[in-house]
file start.cif (mmCIF, C-alpha atoms and all ligand atoms)
data_protein
#
loop_
_atom_site.group_PDB
_atom_site.id
_atom_site.type_symbol
_atom_site.label_atom_id
_atom_site.label_comp_id
_atom_site.auth_asym_id
_atom_site.auth_seq_id
_atom_site.Cartn_x
_atom_site.Cartn_y
_atom_site.Cartn_z
ATOM 1 C CA MET U 1 159.740 200.927 209.258
ATOM 2 C CA ILE U 2 161.849 199.056 211.812
ATOM 3 C CA THR U 3 165.612 199.133 211.257
ATOM 4 C CA ASP U 4 166.918 198.482 214.759
ATOM 5 C CA LEU U 5 168.720 195.142 214.444
ATOM 6 C CA ILE U 6 167.890 193.986 217.982
ATOM 7 C CA GLN U 7 164.182 194.548 217.344
ATOM 8 C CA ILE U 8 164.426 192.925 213.907
ATOM 9 C CA ARG U 9 165.984 189.845 215.485
ATOM 10 C CA ARG U 10 163.349 189.597 218.232
ATOM 11 C CA LEU U 11 160.386 190.200 215.917
ATOM 12 C CA GLY U 12 161.793 188.022 213.129
ATOM 13 C CA GLU U 13 162.150 185.112 215.578
ATOM 14 C CA GLN U 14 158.675 185.760 217.011
ATOM 15 C CA LYS U 15 157.177 185.753 213.519
ATOM 16 C CA ARG U 16 158.912 182.684 212.102
ATOM 17 C CA GLY U 17 155.692 180.652 212.284
ATOM 18 C CA GLU U 18 153.621 183.528 210.925
ATOM 19 C CA ASN U 19 156.079 184.069 208.066
ATOM 20 C CA GLU U 20 155.895 180.382 207.164
ATOM 21 C CA ARG U 21 152.074 180.669 207.085
ATOM 22 C CA PHE U 22 152.482 183.745 204.892
ATOM 23 C CA ARG U 23 154.655 181.760 202.464
ATOM 24 C CA ARG U 24 151.843 179.206 202.173
ATOM 25 C CA HIS U 25 149.292 182.020 201.845
ATOM 26 C CA LEU U 26 151.128 183.425 198.821
ATOM 27 C CA LYS U 27 151.241 179.956 197.288
ATOM 28 C CA THR U 28 147.489 179.530 197.448
ATOM 29 C CA HIS U 29 146.256 183.074 196.747
ATOM 30 C CA ASP U 30 146.442 185.306 193.701
ATOM 31 C CA PHE U 31 148.603 188.391 193.982
ATOM 32 C CA VAL U 32 149.974 191.029 191.647
ATOM 33 C CA GLU U 33 153.726 190.385 191.562
ATOM 34 C CA ARG U 34 154.388 193.848 190.120
ATOM 35 C CA ARG U 35 152.726 195.395 193.171
ATOM 36 C CA LEU U 36 154.798 193.269 195.589
ATOM 37 C CA ARG U 37 157.977 194.207 193.742
ATOM 38 C CA HIS U 38 157.030 197.865 194.036
ATOM 39 C CA LEU U 39 156.598 197.508 197.816
ATOM 40 C CA ALA U 40 159.983 195.772 198.080
ATOM 41 C CA GLU U 41 161.567 198.609 196.079
ATOM 42 C CA GLU U 42 159.971 201.192 198.374
ATOM 43 C CA THR U 43 161.311 199.392 201.452
ATOM 44 C CA GLU U 44 164.784 198.954 199.962
ATOM 45 C CA ALA U 45 164.950 202.672 199.145
ATOM 46 C CA GLN U 46 164.350 203.521 202.812
ATOM 47 C CA VAL U 47 167.091 201.285 204.249
ATOM 48 C CA ASP U 48 170.756 202.281 204.176
ATOM 49 C CA CYS U 49 172.685 199.033 203.746
ATOM 50 C CA THR U 50 175.991 200.791 204.476
ATOM 51 C CA GLU U 51 174.677 201.626 207.964
ATOM 52 C CA CYS U 52 173.507 198.047 208.513
ATOM 53 C CA ALA U 53 175.901 195.520 206.915
ATOM 54 C CA ASN U 54 174.241 192.843 209.008
ATOM 55 C CA CYS U 55 174.127 190.252 206.211
ATOM 56 C CA CYS U 56 177.925 190.567 205.882
ATOM 57 C CA LYS U 57 178.184 189.805 209.602
ATOM 58 C CA VAL U 58 175.758 186.909 209.946
ATOM 59 C CA ALA U 59 175.260 185.279 206.526
ATOM 60 C CA THR U 60 177.608 183.371 204.243
ATOM 61 C CA ALA U 61 178.529 184.680 200.785
ATOM 62 C CA ARG U 62 178.435 182.014 198.081
ATOM 63 C CA LEU U 63 180.947 182.148 195.252
ATOM 64 C CA LEU U 64 180.597 181.343 191.576
ATOM 65 C CA ALA U 65 183.603 180.632 189.364
ATOM 66 C CA ARG U 66 183.429 184.140 187.902
ATOM 67 C CA ASP U 67 183.439 185.668 191.424
ATOM 68 C CA VAL U 68 186.632 183.748 192.212
ATOM 69 C CA ASP U 69 188.182 184.912 188.959
ATOM 70 C CA ARG U 70 187.320 188.586 189.541
ATOM 71 C CA LEU U 71 188.346 188.654 193.217
ATOM 72 C CA ALA U 72 191.642 186.843 192.598
ATOM 73 C CA LYS U 73 192.446 189.382 189.853
ATOM 74 C CA LEU U 74 191.503 192.294 192.119
ATOM 75 C CA LEU U 75 193.815 191.014 194.857
ATOM 76 C CA ARG U 76 196.499 190.106 192.285
ATOM 77 C CA LEU U 77 196.680 186.570 193.580
ATOM 78 C CA PRO U 78 196.886 183.247 191.736
ATOM 79 C CA GLU U 79 193.453 181.617 191.957
ATOM 80 C CA ALA U 80 194.753 178.713 194.061
ATOM 81 C CA ARG U 81 196.159 181.085 196.653
ATOM 82 C CA PHE U 82 192.989 183.168 196.711
ATOM 83 C CA LEU U 83 190.942 180.001 197.258
ATOM 84 C CA LYS U 84 193.222 178.898 200.111
ATOM 85 C CA GLU U 85 193.338 182.236 201.903
ATOM 86 C CA TYR U 86 189.834 183.620 201.416
ATOM 87 C CA THR U 87 187.406 180.770 200.837
ATOM 88 C CA THR U 88 186.099 177.602 202.386
ATOM 89 C CA LYS U 89 183.786 174.790 201.258
ATOM 90 C CA THR U 90 180.555 174.011 203.092
ATOM 91 C CA GLU U 91 178.313 170.994 202.755
ATOM 92 C CA ASP U 92 175.132 173.034 202.226
ATOM 93 C CA GLU U 93 176.354 175.989 200.225
ATOM 94 C CA GLY U 94 179.482 174.870 198.415
ATOM 95 C CA LEU U 95 182.259 177.434 197.995
ATOM 96 C CA VAL U 96 181.837 180.487 200.260
ATOM 97 C CA LEU U 97 183.966 183.370 201.527
ATOM 98 C CA LYS U 98 185.681 182.733 204.849
ATOM 99 C CA ARG U 99 184.011 184.383 207.791
ATOM 100 C CA ASP U 100 184.530 184.839 211.491
ATOM 101 C CA GLU U 101 181.665 184.407 213.979
ATOM 102 C CA ALA U 102 182.530 187.694 215.697
ATOM 103 C CA THR U 103 183.436 189.960 212.761
ATOM 104 C CA GLY U 104 181.673 188.397 209.780
ATOM 105 C CA CYS U 105 182.951 188.180 206.204
ATOM 106 C CA VAL U 106 186.692 188.159 205.572
ATOM 107 C CA PHE U 107 186.250 191.293 203.413
ATOM 108 C CA LEU U 108 184.238 193.270 205.948
ATOM 109 C CA SER U 109 186.029 196.113 207.732
ATOM 110 C CA GLY U 110 183.734 197.750 210.281
ATOM 111 C CA ASN U 111 180.574 198.175 208.197
ATOM 112 C CA GLU U 112 182.436 198.494 204.939
ATOM 113 C CA CYS U 113 182.959 195.922 202.204
ATOM 114 C CA THR U 114 186.581 196.280 201.109
ATOM 115 C CA VAL U 115 185.875 194.667 197.712
ATOM 116 C CA TYR U 116 182.533 196.390 197.135
ATOM 117 C CA GLU U 117 182.830 196.981 193.368
ATOM 118 C CA THR U 118 183.956 193.369 192.869
ATOM 119 C CA ARG U 119 181.746 191.704 195.496
ATOM 120 C CA PRO U 120 180.253 188.302 194.570
ATOM 121 C CA ALA U 121 176.962 188.157 192.671
ATOM 122 C CA SER U 122 175.269 186.623 195.732
ATOM 123 C CA CYS U 123 176.172 189.791 197.692
ATOM 124 C CA ARG U 124 175.024 192.113 194.900
ATOM 125 C CA ASP U 125 171.661 190.376 194.682
ATOM 126 C CA PHE U 126 171.106 190.113 198.434
ATOM 127 C CA PRO U 127 168.489 189.962 199.956
ATOM 128 C CA HIS U 128 167.122 188.573 196.671
ATOM 129 C CA MET U 129 163.716 190.221 196.955
ATOM 130 C CA LEU U 130 164.117 192.187 193.728
ATOM 131 C CA ARG U 131 167.173 190.666 192.064
ATOM 132 C CA GLY U 132 167.996 187.089 191.075
ATOM 133 C CA SER U 133 166.274 184.819 188.581
ATOM 134 C CA ALA U 134 164.206 182.578 190.926
ATOM 135 C CA SER U 135 160.443 183.089 191.165
ATOM 136 C CA LEU U 136 158.978 184.871 194.150
ATOM 137 C CA GLN U 137 157.449 181.592 195.359
ATOM 138 C CA ALA U 138 160.856 179.893 195.295
ATOM 139 C CA LYS U 139 162.526 182.804 197.078
ATOM 140 C CA MET U 140 159.913 182.762 199.844
ATOM 141 C CA TRP U 141 161.566 179.655 201.340
ATOM 142 C CA ASP U 142 164.502 181.736 202.575
ATOM 143 C CA PHE U 143 162.690 184.856 203.705
ATOM 144 C CA LYS U 144 161.586 183.670 207.150
ATOM 145 C CA ASP U 145 165.262 183.105 208.029
ATOM 146 C CA ARG U 146 166.403 186.391 206.480
ATOM 147 C CA ALA U 147 163.607 188.321 208.265
ATOM 148 C CA VAL U 148 165.503 187.607 211.515
ATOM 149 C CA TYR U 149 168.513 189.699 210.488
ATOM 150 C CA CYS U 150 167.666 191.797 207.426
ATOM 151 C CA PRO U 151 165.516 194.935 207.859
ATOM 152 C CA ILE U 152 164.644 194.967 204.143
ATOM 153 C CA VAL U 153 163.218 191.443 204.296
ATOM 154 C CA TYR U 154 161.421 191.929 207.609
ATOM 155 C CA ASN U 155 159.713 195.180 206.568
ATOM 156 C CA THR U 156 158.907 194.000 203.050
ATOM 157 C CA LEU U 157 157.180 190.873 204.358
ATOM 158 C CA GLU U 158 155.099 193.052 206.693
ATOM 159 C CA ALA U 159 154.091 195.304 203.771
ATOM 160 C CA TRP U 160 153.257 192.269 201.609
ATOM 161 C CA LYS U 161 151.023 190.828 204.334
ATOM 162 C CA VAL U 162 148.926 194.012 204.360
ATOM 163 C CA GLU U 163 148.862 194.194 200.538
ATOM 164 C CA THR U 164 147.661 190.595 200.110
ATOM 165 C CA GLY U 165 145.114 190.625 202.946
ATOM 166 C CA PHE U 166 146.995 188.039 204.991
ATOM 167 C CA SER U 167 145.590 187.556 208.469
ATOM 168 C CA PRO U 168 148.412 186.803 210.942
ATOM 169 C CA ALA U 169 145.998 185.164 213.387
ATOM 170 C CA ALA U 170 144.594 182.639 210.875
ATOM 171 C CA LYS U 171 146.053 179.095 210.915
HETATM 172 S S1 LIG I 1 182.100 190.331 200.021
HETATM 173 FE FE1 LIG I 1 181.518 192.338 200.797
HETATM 174 S S2 LIG I 1 179.274 192.430 200.449
HETATM 175 FE FE2 LIG I 1 179.882 190.264 200.350
HETATM 176 S S3 LIG I 1 179.593 189.449 202.429
HETATM 177 FE FE3 LIG I 1 181.743 190.106 202.213
HETATM 178 S S4 LIG I 1 181.780 192.189 203.016
HETATM 179 FE FE4 LIG I 1 179.625 191.695 202.558
HETATM 180 S S1 LIG I 2 170.657 193.615 202.673
HETATM 181 FE FE1 LIG I 2 169.573 193.602 204.627
HETATM 182 S S2 LIG I 2 170.994 192.782 206.157
HETATM 183 FE FE2 LIG I 2 172.179 193.345 204.331
HETATM 184 S S3 LIG I 2 172.888 195.408 204.734
HETATM 185 FE FE3 LIG I 2 170.993 195.623 203.588
HETATM 186 S S4 LIG I 2 169.381 195.781 205.146
HETATM 187 FE FE4 LIG I 2 171.218 195.004 206.175
#
call {"tool": "encode", "arguments": {"input": "start.cif", "output": "structure tokens", "more": "lines below"}}
Ligand code: SF4
Ligand code: SF4
result
Amino acid sequence: MITDLIQIRRLGEQKRGENERFRRHLKTHDFVERRLRHLAEETEAQVDCTECANCCKVATARLLARDVDRLAKLLRLPEARFLKEYTTKTEDEGLVLKRDEATGCVFLSGNECTVYETRPASCRDFPHMLRGSASLQAKMWDFKDRAVYCPIVYNTLEAWKVETGFSPAAK
């Protein structure tokens, strides 16, 4: 199990091509989804997200209307003011929490989420290996990017490759 974020970044970048081949491998081969979910659960149980918090530093957090409602209530702010002070709109992802390139999400303090109990659904479900409604095949599109910064994704993909008999060398 690799959890060092510098190594994860280096290996995740090195394996981008391999992880894309693995996505295609899963598309064209039979696998037991229950078994892959079990491996993802095992990996997740071994990683302490409170020690890592890397997704809060490097990724954007998308917001649904109910996230806005809950966070505005938590902060005791009118919705319009919450939207102005804490959110921004992006072309690709729509409404997201504001973030800073150096320190990450507007609600991150050190490694701690200051709105943890009320964090957006996209944060609760992250890295979307076990949670979320999309099929595994659909989720695979994002995993080669997330394997560059998330230890859970990187290590789970490695375990899945062994489980499904994927050969990294094969084109
Ligand atoms: S809301 Fe909390 S969990 Fe979500 S990105 Fe910000 S700091 Fe991380
Ligand atoms: S989900 Fe991944 S990137 Fe985010 S804190 Fe957990 S291990 Fe780190």
call {"tool": "resolve_selection", "arguments": {"input": "start.cif", "expression": "the PyMOL selection byres (((not hetatm)) within 9 of (chain I and resi 1))", "output": "VMD selection string"}}
result
chain U and resid 53 to 62 97 to 99 104 to 109 111 to 124 126
call {"tool": "residues_near_point", "arguments": {"input": "start.cif", "point": "(169.4, 195.8, 215.1)", "cutoff": "10 Å", "atoms": "all atoms listed in the file", "output": "ChimeraX atom specification"}}
result
/U:2-10,52,54,148-151
call {"tool": "write_last_selection", "arguments": {"input": "start.cif", "atoms": "C-alpha atoms", "output": "short mmCIF file (atom, residue, chain, number, x, y, z; two decimals), in the coordinates of the input"}}
result
data_model
loop_
_atom_site.label_atom_id
_atom_site.label_comp_id
_atom_site.auth_asym_id
_atom_site.auth_seq_id
_atom_site.Cartn_x
_atom_site.Cartn_y
_atom_site.Cartn_z
CA ILE U 2 161.85 199.06 211.81
CA THR U 3 165.61 199.13 211.26
CA ASP U 4 166.92 198.48 214.76
CA LEU U 5 168.72 195.14 214.44
CA ILE U 6 167.89 193.99 217.98
CA GLN U 7 164.18 194.55 217.34
CA ILE U 8 164.43 192.92 213.91
CA ARG U 9 165.98 189.84 215.48
CA ARG U 10 163.35 189.60 218.23
CA CYS U 52 173.51 198.05 208.51
CA ASN U 54 174.24 192.84 209.01
CA VAL U 148 165.50 187.61 211.52
CA TYR U 149 168.51 189.70 210.49
CA CYS U 150 167.67 191.80 207.43
CA PRO U 151 165.52 194.94 207.86
#
call {"tool": "residues_around", "arguments": {"input": "start.cif", "residues": "U:Glu44", "least_positions_apart": "5", "cutoff": "10 Å", "atoms": "only C-alpha atoms", "output": "PDB file with C-alpha atoms, in the coordinates of the input"}}
result
ATOM      1  CA  HIS U  38     157.030 197.865 194.036  1.00  0.00           C
ATOM      2  CA  LEU U  39     156.598 197.508 197.816  1.00  0.00           C
ATOM      3  CA  CYS U  49     172.685 199.033 203.746  1.00  0.00           C
ATOM      4  CA  PRO U 127     168.489 189.962 199.956  1.00  0.00           C
ATOM      5  CA  MET U 129     163.716 190.221 196.955  1.00  0.00           C
ATOM      6  CA  LEU U 130     164.117 192.187 193.728  1.00  0.00           C
ATOM      7  CA  PRO U 151     165.516 194.935 207.859  1.00  0.00           C
ATOM      8  CA  ILE U 152     164.644 194.967 204.143  1.00  0.00           C
ATOM      9  CA  VAL U 153     163.218 191.443 204.296  1.00  0.00           C
ATOM     10  CA  ASN U 155     159.713 195.180 206.568  1.00  0.00           C
ATOM     11  CA  THR U 156     158.907 194.000 203.050  1.00  0.00           C
TER      12      THR U 156
END
call {"tool": "axis_aligned_box", "arguments": {"input": "start.cif", "around": "ligand LIG 2 (chain I)", "padding_each_side": "4 Å", "output": "AutoDock Vina command-line options"}}
result
--center_x 171.1 --center_y 194.3 --center_z 204.4 --size_x 11.5 --size_y 11.0 --size_z 11.5
call {"tool": "closest_residue", "arguments": {"input": "start.cif", "among": "U:Pro78, U:Asp48, U:Gln137, U:Ala102", "to": "ligand LIG 2 (chain I)", "atoms": "only C-alpha atoms and all ligand atoms"}}
result
U:Asp48
call {"tool": "residues_around", "arguments": {"input": "start.cif", "residues": "U:Arg34", "least_positions_apart": "6", "cutoff": "12 Å", "atoms": "all atoms listed in the file", "output": "ChimeraX atom specification"}}
result
/U:40-41,130,136,160,163
call {"tool": "write_last_selection", "arguments": {"input": "start.cif", "atoms": "C-alpha atoms", "output": "CSV table (one decimal), keeping the file's coordinate frame"}}
result
chain,number,residue,atom,x,y,z
U,40,ALA,CA,160.0,195.8,198.1
U,41,GLU,CA,161.6,198.6,196.1
U,130,LEU,CA,164.1,192.2,193.7
U,136,LEU,CA,159.0,184.9,194.2
U,160,TRP,CA,153.3,192.3,201.6
U,163,GLU,CA,148.9,194.2,200.5
call {"tool": "atom_distance", "arguments": {"input": "start.cif", "atom1": "atom CA of U:Thr87", "atom2": "atom CA of U:His128"}}
result
22.1 Å
call {"tool": "closest_residue", "arguments": {"input": "start.cif", "among": "U:Arg146, U:Lys139, U:Arg66, U:His29", "to": "ligand LIG 2 (chain I)", "atoms": "only C-alpha atoms and all ligand atoms"}}
result
U:Arg146
call {"tool": "closest_residue", "arguments": {"input": "start.cif", "among": "U:Ala159, U:Arg131, U:Leu77, U:Gln14", "to": "U:Glu42", "atoms": "all atoms listed in the file"}}
result
U:Ala159
call {"tool": "decode", "arguments": {"input": "start.cif", "residues": "stretch 15-27 of chain U", "atoms": "N, CA, C and O atoms", "output": "CSV table (one decimal), in the first residue's frame"}}
result
chain,number,residue,atom,x,y,z
U,15,LYS,N,1.7,6.0,-14.8
U,15,LYS,CA,0.8,5.0,-15.2
U,15,LYS,C,-0.5,5.5,-15.8
U,15,LYS,O,-1.5,4.7,-16.0
U,16,ARG,N,-0.5,6.7,-16.2
U,16,ARG,CA,-1.7,7.3,-16.9
U,16,ARG,C,-2.1,6.4,-18.1
U,16,ARG,O,-3.3,6.0,-18.3
U,17,GLY,N,-1.1,6.1,-19.0
U,17,GLY,CA,-1.4,5.3,-20.2
U,17,GLY,C,-1.9,3.9,-19.8
U,17,GLY,O,-2.8,3.4,-20.3
U,18,GLU,N,-1.2,3.3,-18.8
U,18,GLU,CA,-1.5,2.0,-18.4
U,18,GLU,C,-2.9,2.0,-17.8
U,18,GLU,O,-3.7,1.0,-18.0
U,19,ASN,N,-3.3,3.0,-17.0
U,19,ASN,CA,-4.6,3.1,-16.4
U,19,ASN,C,-5.7,3.3,-17.4
U,19,ASN,O,-6.8,2.8,-17.3
U,20,GLU,N,-5.4,4.0,-18.5
U,20,GLU,CA,-6.3,4.1,-19.6
U,20,GLU,C,-6.5,2.7,-20.3
U,20,GLU,O,-7.7,2.3,-20.6
U,21,ARG,N,-5.4,2.0,-20.5
U,21,ARG,CA,-5.6,0.6,-21.0
U,21,ARG,C,-6.4,-0.3,-20.1
U,21,ARG,O,-7.2,-1.1,-20.5
U,22,PHE,N,-6.2,-0.1,-18.8
U,22,PHE,CA,-7.0,-0.9,-17.8
U,22,PHE,C,-8.5,-0.6,-17.9
U,22,PHE,O,-9.3,-1.4,-17.8
U,23,ARG,N,-8.8,0.7,-18.1
U,23,ARG,CA,-10.2,1.1,-18.3
U,23,ARG,C,-10.8,0.3,-19.5
U,23,ARG,O,-11.9,-0.2,-19.4
U,24,ARG,N,-10.0,0.3,-20.6
U,24,ARG,CA,-10.5,-0.5,-21.8
U,24,ARG,C,-10.6,-2.0,-21.5
U,24,ARG,O,-11.5,-2.6,-22.0
U,25,HIS,N,-9.6,-2.5,-20.7
U,25,HIS,CA,-9.6,-3.9,-20.3
U,25,HIS,C,-10.9,-4.2,-19.6
U,25,HIS,O,-11.5,-5.2,-19.9
U,26,LEU,N,-11.3,-3.4,-18.6
U,26,LEU,CA,-12.5,-3.7,-17.9
U,26,LEU,C,-13.7,-3.7,-18.8
U,26,LEU,O,-14.7,-4.4,-18.5
U,27,LYS,N,-13.7,-2.8,-19.8
U,27,LYS,CA,-14.8,-2.7,-20.7
U,27,LYS,C,-15.0,-4.0,-21.5
U,27,LYS,O,-16.2,-4.3,-21.9
